[in-house]
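Novice: Quick one, query-v2.txt (compact mmCIF, N, CA and C atoms):
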```
# COMPACT_ATOMS: atom_id res chain seq x y z
N MET P 283 -36.76 29.69 -3.87
CA MET P 283 -35.44 29.57 -4.46
C MET P 283 -34.37 29.46 -3.38
N LYS P 284 -34.48 30.33 -2.35
CA LYS P 284 -33.51 30.28 -1.26
C LYS P 284 -33.59 28.95 -0.52
N THR P 285 -34.79 28.39 -0.40
CA THR P 285 -34.97 27.12 0.29
C THR P 285 -34.26 26.01 -0.48
N GLY P 286 -34.37 26.02 -1.80
CA GLY P 286 -33.71 25.00 -2.63
C GLY P 286 -32.20 25.07 -2.50
N ILE P 287 -31.65 26.27 -2.51
CA ILE P 287 -30.20 26.44 -2.35
C ILE P 287 -29.77 25.97 -0.97
N PHE P 288 -30.57 26.31 0.05
CA PHE P 288 -30.26 25.88 1.42
C PHE P 288 -30.25 24.36 1.53
N ILE P 289 -31.21 23.69 0.89
CA ILE P 289 -31.28 22.22 0.94
C ILE P 289 -30.07 21.61 0.24
N LEU P 290 -29.68 22.15 -0.91
CA LEU P 290 -28.50 21.65 -1.62
C LEU P 290 -27.23 21.85 -0.79
N LEU P 291 -27.11 23.02 -0.17
CA LEU P 291 -25.94 23.29 0.65
C LEU P 291 -25.89 22.35 1.85
N ALA P 292 -27.02 22.10 2.50
CA ALA P 292 -27.09 21.18 3.63
C ALA P 292 -26.71 19.77 3.20
N ALA P 293 -27.20 19.34 2.03
CA ALA P 293 -26.88 18.00 1.52
C ALA P 293 -25.39 17.88 1.23
N PHE P 294 -24.80 18.93 0.69
CA PHE P 294 -23.37 18.94 0.39
C PHE P 294 -22.56 18.79 1.68
N ILE P 295 -22.93 19.53 2.72
CA ILE P 295 -22.20 19.48 3.99
C ILE P 295 -22.30 18.09 4.61
N VAL P 296 -23.50 17.49 4.56
CA VAL P 296 -23.68 16.14 5.11
C VAL P 296 -22.81 15.14 4.36
N CYS P 297 -22.79 15.23 3.04
CA CYS P 297 -21.97 14.31 2.24
C CYS P 297 -20.49 14.51 2.54
N ALA P 298 -20.06 15.74 2.66
CA ALA P 298 -18.66 16.02 2.94
C ALA P 298 -18.26 15.44 4.30
N CYS P 299 -19.12 15.57 5.28
CA CYS P 299 -18.83 15.02 6.61
C CYS P 299 -18.76 13.50 6.56
N ASN P 300 -19.64 12.87 5.80
CA ASN P 300 -19.60 11.41 5.68
C ASN P 300 -18.33 10.95 5.00
N ASN P 301 -17.85 11.69 4.00
CA ASN P 301 -16.61 11.31 3.33
C ASN P 301 -15.43 11.40 4.30
N ASN P 302 -15.41 12.43 5.15
CA ASN P 302 -14.33 12.54 6.13
C ASN P 302 -14.36 11.38 7.10
N LYS P 303 -15.55 10.94 7.48
CA LYS P 303 -15.67 9.80 8.39
C LYS P 303 -15.08 8.56 7.73
N LYS P 304 -15.38 8.33 6.45
CA LYS P 304 -14.83 7.18 5.74
C LYS P 304 -13.32 7.29 5.63
N PHE P 305 -12.80 8.49 5.40
CA PHE P 305 -11.36 8.69 5.32
C PHE P 305 -10.71 8.30 6.64
N ASP P 306 -11.30 8.75 7.77
CA ASP P 306 -10.76 8.40 9.08
C ASP P 306 -10.79 6.90 9.31
N GLU P 307 -11.89 6.24 8.90
CA GLU P 307 -11.98 4.79 9.07
C GLU P 307 -10.92 4.09 8.24
N ASN P 308 -10.70 4.55 7.00
CA ASN P 308 -9.68 3.95 6.14
C ASN P 308 -8.29 4.16 6.74
N LYS P 309 -8.05 5.34 7.29
CA LYS P 309 -6.76 5.65 7.87
C LYS P 309 -6.46 4.73 9.06
N LYS P 310 -7.48 4.46 9.88
CA LYS P 310 -7.30 3.60 11.04
C LYS P 310 -7.03 2.16 10.64
N SER P 311 -7.64 1.71 9.54
CA SER P 311 -7.48 0.31 9.15
C SER P 311 -6.31 0.09 8.20
N ALA P 312 -5.58 1.14 7.85
CA ALA P 312 -4.43 0.99 6.95
C ALA P 312 -3.36 0.12 7.60
N THR P 313 -2.69 -0.65 6.80
CA THR P 313 -1.64 -1.52 7.31
C THR P 313 -0.47 -0.69 7.84
N PRO P 314 0.32 -1.24 8.75
CA PRO P 314 1.49 -0.51 9.25
C PRO P 314 2.44 -0.10 8.12
N VAL P 315 2.54 -0.93 7.07
CA VAL P 315 3.42 -0.60 5.95
C VAL P 315 2.96 0.69 5.29
N LEU P 316 1.67 0.82 5.01
CA LEU P 316 1.16 2.02 4.35
C LEU P 316 1.27 3.24 5.25
N LYS P 317 1.02 3.07 6.54
CA LYS P 317 1.17 4.20 7.46
C LYS P 317 2.62 4.67 7.49
N THR P 318 3.56 3.74 7.51
CA THR P 318 4.97 4.10 7.55
C THR P 318 5.39 4.76 6.25
N GLN P 319 4.87 4.29 5.13
CA GLN P 319 5.21 4.89 3.84
C GLN P 319 4.74 6.34 3.79
N ALA P 320 3.61 6.63 4.43
CA ALA P 320 3.04 7.98 4.38
C ALA P 320 3.71 8.94 5.35
N ASP P 321 4.38 8.44 6.37
CA ASP P 321 4.97 9.28 7.41
C ASP P 321 6.46 9.39 7.18
N THR P 322 6.90 10.52 6.63
CA THR P 322 8.32 10.68 6.29
C THR P 322 9.23 10.67 7.51
N SER P 323 8.69 10.89 8.71
CA SER P 323 9.54 10.83 9.90
C SER P 323 9.97 9.39 10.18
N ASN P 324 9.29 8.41 9.59
CA ASN P 324 9.64 7.00 9.75
C ASN P 324 10.57 6.48 8.66
N TYR P 325 10.99 7.35 7.76
CA TYR P 325 11.85 6.89 6.68
C TYR P 325 13.21 6.46 7.22
N THR P 326 13.83 5.54 6.51
CA THR P 326 15.12 4.99 6.92
C THR P 326 16.04 4.95 5.71
N GLU P 327 17.13 4.23 5.81
CA GLU P 327 18.09 4.14 4.71
C GLU P 327 18.35 2.68 4.37
N ILE P 328 18.64 2.44 3.10
CA ILE P 328 18.88 1.08 2.62
C ILE P 328 20.21 1.06 1.87
N GLN P 329 20.94 -0.02 2.05
CA GLN P 329 22.17 -0.25 1.29
C GLN P 329 22.00 -1.55 0.54
N TRP P 330 22.09 -1.50 -0.78
CA TRP P 330 21.96 -2.70 -1.60
C TRP P 330 23.30 -3.40 -1.68
N LEU P 331 23.34 -4.63 -1.22
CA LEU P 331 24.56 -5.44 -1.31
C LEU P 331 24.63 -6.11 -2.67
N ASP P 332 23.48 -6.36 -3.27
CA ASP P 332 23.37 -6.91 -4.63
C ASP P 332 22.27 -6.12 -5.34
N SER P 333 22.62 -5.25 -6.26
CA SER P 333 21.59 -4.53 -7.00
C SER P 333 21.62 -4.89 -8.48
N ILE P 334 22.71 -5.51 -8.91
CA ILE P 334 22.84 -5.98 -10.29
C ILE P 334 23.32 -7.43 -10.25
N ILE P 335 22.59 -8.30 -10.89
CA ILE P 335 23.01 -9.71 -10.96
C ILE P 335 23.16 -10.11 -12.42
N ASP P 336 24.37 -10.56 -12.75
CA ASP P 336 24.66 -11.10 -14.08
C ASP P 336 24.63 -12.62 -13.95
N PHE P 337 23.59 -13.24 -14.52
CA PHE P 337 23.48 -14.70 -14.38
C PHE P 337 24.24 -15.45 -15.46
N GLY P 338 24.94 -14.75 -16.32
CA GLY P 338 25.74 -15.41 -17.36
C GLY P 338 24.87 -15.94 -18.47
N THR P 339 24.98 -17.25 -18.72
CA THR P 339 24.23 -17.88 -19.81
C THR P 339 23.32 -18.95 -19.25
N MET P 340 22.11 -18.99 -19.78
CA MET P 340 21.19 -20.08 -19.44
C MET P 340 20.46 -20.51 -20.69
N LYS P 341 19.96 -21.72 -20.67
CA LYS P 341 19.27 -22.28 -21.84
C LYS P 341 17.77 -21.95 -21.81
N THR P 342 17.19 -21.93 -23.00
CA THR P 342 15.75 -21.69 -23.09
C THR P 342 14.99 -22.73 -22.27
N GLU P 343 13.88 -22.34 -21.76
CA GLU P 343 12.98 -23.16 -20.95
C GLU P 343 13.52 -23.46 -19.55
N ASP P 344 14.71 -22.95 -19.19
CA ASP P 344 15.24 -23.12 -17.85
C ASP P 344 14.78 -21.95 -16.98
N SER P 345 14.93 -22.11 -15.67
CA SER P 345 14.65 -21.00 -14.76
C SER P 345 15.76 -20.95 -13.71
N MET P 346 15.95 -19.77 -13.15
CA MET P 346 16.96 -19.56 -12.12
C MET P 346 16.37 -18.73 -11.00
N HIS P 347 16.90 -18.93 -9.79
CA HIS P 347 16.46 -18.20 -8.62
C HIS P 347 17.59 -17.29 -8.14
N PHE P 348 17.25 -16.05 -7.79
CA PHE P 348 18.25 -15.06 -7.38
C PHE P 348 17.81 -14.37 -6.10
N LYS P 349 18.81 -13.82 -5.37
CA LYS P 349 18.53 -13.03 -4.18
C LYS P 349 19.28 -11.71 -4.27
N PHE P 350 18.53 -10.62 -4.17
CA PHE P 350 19.11 -9.29 -4.11
C PHE P 350 19.16 -8.91 -2.62
N ARG P 351 20.35 -8.90 -2.03
CA ARG P 351 20.48 -8.64 -0.60
C ARG P 351 20.55 -7.13 -0.33
N PHE P 352 20.02 -6.75 0.83
CA PHE P 352 20.08 -5.36 1.26
C PHE P 352 20.20 -5.30 2.77
N LYS P 353 20.64 -4.13 3.24
CA LYS P 353 20.79 -3.91 4.68
C LYS P 353 20.07 -2.63 5.06
N ASN P 354 19.36 -2.65 6.18
CA ASN P 354 18.75 -1.45 6.72
C ASN P 354 19.85 -0.69 7.47
N THR P 355 20.34 0.39 6.87
CA THR P 355 21.43 1.17 7.47
C THR P 355 20.90 2.41 8.18
N GLY P 356 19.59 2.54 8.28
CA GLY P 356 19.00 3.69 8.96
C GLY P 356 18.70 3.41 10.41
N LEU P 357 17.91 4.31 11.00
CA LEU P 357 17.58 4.23 12.42
C LEU P 357 16.17 3.70 12.68
N ASN P 358 15.34 3.60 11.63
CA ASN P 358 13.96 3.15 11.77
C ASN P 358 13.77 1.80 11.08
N PRO P 359 12.71 1.08 11.44
CA PRO P 359 12.40 -0.17 10.72
C PRO P 359 12.17 0.10 9.24
N LEU P 360 12.63 -0.82 8.41
CA LEU P 360 12.48 -0.73 6.96
C LEU P 360 11.29 -1.59 6.54
N PHE P 361 10.38 -1.00 5.80
CA PHE P 361 9.21 -1.71 5.29
C PHE P 361 9.28 -1.74 3.77
N ILE P 362 9.23 -2.92 3.19
CA ILE P 362 9.13 -3.08 1.73
C ILE P 362 7.64 -3.22 1.43
N SER P 363 7.11 -2.36 0.57
CA SER P 363 5.69 -2.44 0.26
C SER P 363 5.42 -3.07 -1.10
N GLU P 364 6.46 -3.16 -1.94
CA GLU P 364 6.25 -3.74 -3.26
C GLU P 364 7.58 -4.09 -3.91
N ALA P 365 7.59 -5.15 -4.69
CA ALA P 365 8.73 -5.52 -5.54
C ALA P 365 8.12 -6.02 -6.84
N GLU P 366 8.16 -5.18 -7.85
CA GLU P 366 7.45 -5.45 -9.11
C GLU P 366 8.44 -5.66 -10.24
N SER P 367 8.30 -6.77 -10.96
CA SER P 367 9.21 -7.07 -12.07
C SER P 367 8.71 -6.41 -13.36
N SER P 368 9.62 -6.28 -14.30
CA SER P 368 9.30 -5.62 -15.57
C SER P 368 8.50 -6.50 -16.52
N CYS P 369 8.41 -7.80 -16.22
CA CYS P 369 7.60 -8.68 -17.08
C CYS P 369 7.16 -9.91 -16.29
N GLY P 370 6.28 -10.68 -16.89
CA GLY P 370 5.73 -11.86 -16.23
C GLY P 370 6.70 -13.03 -16.14
N CYS P 371 7.84 -12.95 -16.81
CA CYS P 371 8.79 -14.05 -16.76
C CYS P 371 9.64 -14.03 -15.50
N THR P 372 9.51 -12.96 -14.71
CA THR P 372 10.25 -12.85 -13.46
C THR P 372 9.25 -12.69 -12.32
N VAL P 373 9.30 -13.61 -11.38
CA VAL P 373 8.40 -13.59 -10.22
C VAL P 373 9.21 -13.17 -9.00
N THR P 374 8.68 -12.21 -8.25
CA THR P 374 9.42 -11.69 -7.10
C THR P 374 8.71 -12.02 -5.79
N ASP P 375 9.50 -11.99 -4.73
CA ASP P 375 8.96 -12.10 -3.38
C ASP P 375 9.81 -11.20 -2.50
N TYR P 376 9.19 -10.64 -1.47
CA TYR P 376 9.90 -9.70 -0.60
C TYR P 376 9.42 -9.88 0.84
N PRO P 377 10.23 -9.44 1.82
CA PRO P 377 9.84 -9.60 3.22
C PRO P 377 8.61 -8.74 3.54
N LYS P 378 7.65 -9.34 4.21
CA LYS P 378 6.43 -8.63 4.59
C LYS P 378 6.55 -8.01 5.98
N ASP P 379 7.47 -8.53 6.79
CA ASP P 379 7.70 -8.00 8.13
C ASP P 379 8.76 -6.91 8.07
N PRO P 380 8.76 -6.01 9.05
CA PRO P 380 9.77 -4.93 9.05
C PRO P 380 11.17 -5.50 9.23
N ILE P 381 12.14 -4.85 8.58
CA ILE P 381 13.54 -5.20 8.72
C ILE P 381 14.11 -4.15 9.68
N MET P 382 14.59 -4.62 10.80
CA MET P 382 15.06 -3.71 11.85
C MET P 382 16.42 -3.11 11.47
N PRO P 383 16.77 -1.95 12.05
CA PRO P 383 18.06 -1.31 11.75
C PRO P 383 19.22 -2.27 11.97
N GLY P 384 20.14 -2.26 10.99
CA GLY P 384 21.33 -3.12 11.06
C GLY P 384 21.13 -4.52 10.51
N LYS P 385 19.90 -4.91 10.23
CA LYS P 385 19.63 -6.27 9.75
C LYS P 385 19.73 -6.36 8.23
N ILE P 386 20.04 -7.56 7.76
CA ILE P 386 20.14 -7.85 6.32
C ILE P 386 18.98 -8.75 5.92
N SER P 387 18.42 -8.49 4.76
CA SER P 387 17.36 -9.33 4.20
C SER P 387 17.54 -9.36 2.68
N PHE P 388 16.54 -9.86 1.97
CA PHE P 388 16.68 -9.96 0.52
C PHE P 388 15.33 -9.93 -0.20
N ILE P 389 15.41 -9.56 -1.46
CA ILE P 389 14.31 -9.67 -2.41
C ILE P 389 14.65 -10.87 -3.27
N SER P 390 13.73 -11.83 -3.37
CA SER P 390 14.02 -12.99 -4.21
C SER P 390 13.33 -12.83 -5.56
N ALA P 391 13.95 -13.40 -6.56
CA ALA P 391 13.41 -13.35 -7.92
C ALA P 391 13.66 -14.69 -8.60
N THR P 392 12.65 -15.19 -9.29
CA THR P 392 12.80 -16.38 -10.10
C THR P 392 12.53 -15.99 -11.55
N PHE P 393 13.54 -16.21 -12.39
CA PHE P 393 13.44 -15.85 -13.80
C PHE P 393 13.27 -17.11 -14.62
N ASN P 394 12.24 -17.12 -15.48
CA ASN P 394 11.97 -18.23 -16.39
C ASN P 394 12.30 -17.75 -17.79
N SER P 395 13.24 -18.43 -18.44
CA SER P 395 13.72 -17.97 -19.75
C SER P 395 12.72 -18.18 -20.88
N ASN P 396 11.68 -18.99 -20.64
CA ASN P 396 10.67 -19.27 -21.68
C ASN P 396 11.34 -19.73 -22.96
N PHE P 397 11.00 -19.13 -24.06
CA PHE P 397 11.55 -19.56 -25.34
C PHE P 397 12.36 -18.47 -26.03
N SER P 398 12.69 -17.41 -25.30
CA SER P 398 13.45 -16.32 -25.91
C SER P 398 14.92 -16.69 -26.02
N ILE P 399 15.58 -16.09 -26.98
CA ILE P 399 17.02 -16.31 -27.19
C ILE P 399 17.66 -14.95 -27.34
N GLY P 400 18.84 -14.79 -26.72
CA GLY P 400 19.58 -13.54 -26.84
C GLY P 400 19.79 -12.87 -25.49
N PRO P 401 20.29 -11.62 -25.53
CA PRO P 401 20.54 -10.91 -24.28
C PRO P 401 19.23 -10.58 -23.56
N VAL P 402 19.29 -10.60 -22.23
CA VAL P 402 18.12 -10.34 -21.41
C VAL P 402 18.47 -9.28 -20.37
N PHE P 403 17.60 -8.28 -20.24
CA PHE P 403 17.73 -7.25 -19.21
C PHE P 403 16.36 -7.11 -18.55
N LYS P 404 16.25 -7.51 -17.30
CA LYS P 404 14.99 -7.43 -16.55
C LYS P 404 15.20 -6.54 -15.33
N THR P 405 14.20 -5.76 -15.01
CA THR P 405 14.30 -4.90 -13.83
C THR P 405 13.25 -5.29 -12.80
N ILE P 406 13.58 -5.01 -11.57
CA ILE P 406 12.66 -5.17 -10.45
C ILE P 406 12.64 -3.84 -9.72
N THR P 407 11.46 -3.26 -9.58
CA THR P 407 11.33 -1.99 -8.88
C THR P 407 10.81 -2.26 -7.47
N VAL P 408 11.59 -1.85 -6.49
CA VAL P 408 11.26 -2.07 -5.07
C VAL P 408 10.83 -0.74 -4.47
N THR P 409 9.70 -0.76 -3.76
CA THR P 409 9.20 0.43 -3.07
C THR P 409 9.36 0.21 -1.58
N ALA P 410 9.98 1.18 -0.90
CA ALA P 410 10.24 1.06 0.54
C ALA P 410 10.18 2.45 1.19
N ASN P 411 10.15 2.47 2.51
CA ASN P 411 10.12 3.73 3.25
C ASN P 411 11.54 4.26 3.45
N THR P 412 12.16 4.67 2.36
CA THR P 412 13.55 5.11 2.39
C THR P 412 13.68 6.59 2.04
N LYS P 413 14.67 7.22 2.64
CA LYS P 413 14.94 8.64 2.42
C LYS P 413 15.41 8.88 1.00
N ASN P 414 15.25 10.08 0.53
CA ASN P 414 15.68 10.56 -0.78
C ASN P 414 14.91 9.92 -1.94
N ASN P 415 14.70 8.64 -1.90
CA ASN P 415 13.98 7.97 -2.98
C ASN P 415 13.36 6.69 -2.42
N ASN P 416 12.06 6.54 -2.59
CA ASN P 416 11.43 5.33 -2.05
C ASN P 416 11.31 4.23 -3.10
N ARG P 417 11.84 4.45 -4.30
CA ARG P 417 11.84 3.42 -5.34
C ARG P 417 13.28 3.09 -5.72
N HIS P 418 13.54 1.80 -5.78
CA HIS P 418 14.89 1.30 -6.09
C HIS P 418 14.78 0.30 -7.24
N VAL P 419 15.65 0.44 -8.23
CA VAL P 419 15.61 -0.44 -9.39
C VAL P 419 16.76 -1.43 -9.32
N LEU P 420 16.41 -2.71 -9.40
CA LEU P 420 17.39 -3.80 -9.41
C LEU P 420 17.47 -4.34 -10.84
N LEU P 421 18.62 -4.83 -11.23
CA LEU P 421 18.82 -5.31 -12.61
C LEU P 421 19.27 -6.76 -12.60
N LEU P 422 18.64 -7.53 -13.47
CA LEU P 422 18.97 -8.93 -13.69
C LEU P 422 19.30 -9.05 -15.18
N HIS P 423 20.49 -9.54 -15.51
CA HIS P 423 20.83 -9.64 -16.93
C HIS P 423 21.70 -10.87 -17.21
N GLY P 424 21.68 -11.25 -18.47
CA GLY P 424 22.45 -12.39 -18.93
C GLY P 424 22.08 -12.69 -20.36
N GLU P 425 22.33 -13.91 -20.78
CA GLU P 425 22.02 -14.30 -22.16
C GLU P 425 21.34 -15.66 -22.17
N ILE P 426 20.35 -15.77 -23.02
CA ILE P 426 19.62 -17.02 -23.21
C ILE P 426 20.11 -17.65 -24.51
N VAL P 427 20.48 -18.94 -24.42
CA VAL P 427 20.90 -19.68 -25.61
C VAL P 427 19.93 -20.83 -25.83
N SER P 428 19.91 -21.31 -27.04
CA SER P 428 19.01 -22.40 -27.39
C SER P 428 19.30 -23.64 -26.57
N LYS P 429 18.26 -24.36 -26.23
CA LYS P 429 18.39 -25.58 -25.43
C LYS P 429 19.26 -26.61 -26.16
N GLU P 430 19.25 -26.56 -27.48
CA GLU P 430 20.02 -27.51 -28.27
C GLU P 430 21.50 -27.16 -28.32
N ASP P 431 21.90 -25.91 -28.02
CA ASP P 431 23.31 -25.53 -28.05
C ASP P 431 24.06 -26.26 -26.93
N LYS P 432 25.30 -26.61 -27.25
CA LYS P 432 26.12 -27.32 -26.25
C LYS P 432 27.11 -26.40 -25.63
```
With the file now loaded, output its structure as structure tokens.
Specialist:
Amino acid sequence: MKTGIFILLAAFIVCACNNNKKFDENKKSATPVLKTQADTSNYTEIQWLDSIIDFGTMKTEDSMHFKFRFKNTGLNPLFISEAESSCGCTVTDYPKDPIMPGKISFISATFNSNFSIGPVFKTITVTANTKNNNRHVLLLHGEIVSKEDK
């Protein structure tokens, strides 16, 4: 009985050590963005120059392109790790390289009105290595009118 418990304990220790090795390997191969996101000493500050865009009126089946500008107002490089829209009708793109302190960059968004009519409110959630809050919500709004309306 003691031998069986000893074998199980030895197997557990070996597995635990192998998991730590995989964790270390994953940590070494993590992208600089993920490493920076995990290290709060690398956090910086962001100032949104455009966080709400009112596109006014657009017709159904049209699309528009927008830029949400921001500035790195902190002391460390700013890394954007994600810019996710609230629906598939808005496609986003964001800088993959670090934004150095004092520099301005932007999150781009292309909104396709599809066939909907009426008021539209779409959000884009941006994740970055920023102090106080690493998630920032941008708003895109306006109204869609029928293509036949003049």
Novice: Please measure the separation of atom CA of P:Pro359 and atom CA of P:Ile381, giving the value in Å to one decimal.
Specialist: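 Interatomic distance, atom CA of P:Pro359 to atom CA of P:Ile381: 5.5 Å.
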Novice: Could you please determine the separation between atom CA of P:Pro377 and atom N of P:Gly338 in Å, to one decimal place?
Specialist: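 Separation between atom CA of P:Pro377 and atom N of P:Gly338: 25.2 Å.
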Novice: With only N, CA and C atoms as the atoms that count, which of P:Leu360, P:Met346, P:Cys371, P:Leu421 lies nearest to P:Thr326?
Specialist: P:Leu360
Novice: In Å, with one decimal, what is the gap from atom N of P:Phe352 to atom C of P:Glu425?
Specialist: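 Answer for the atom N of P:Phe352 to atom C of P:Glu425 separation: 24.7 Å.
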Novice: Which residues come within 9 Å of P:Asn394, counting only C-alpha atoms, excluding same-chain residues fewer than 5 positions away, as a ChimeraX atom specification?
Specialist: /P:342-347,370-373
Novice: Please list as a ChimeraX atom specification every residue within 6 Å of P:Glu364, counting all atoms listed in the file and excluding residues in the same chain fewer than 2 positions away.
Specialist: /P:362,366,407-410
Novice: Taking all atoms listed in the file into account, which of P:Leu422, P:Asp375, P:Thr355, P:Met382 comes nearest P:Ser333?
Specialist: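 Closest to P:Ser333, using all atoms listed in the file: P:Leu422.
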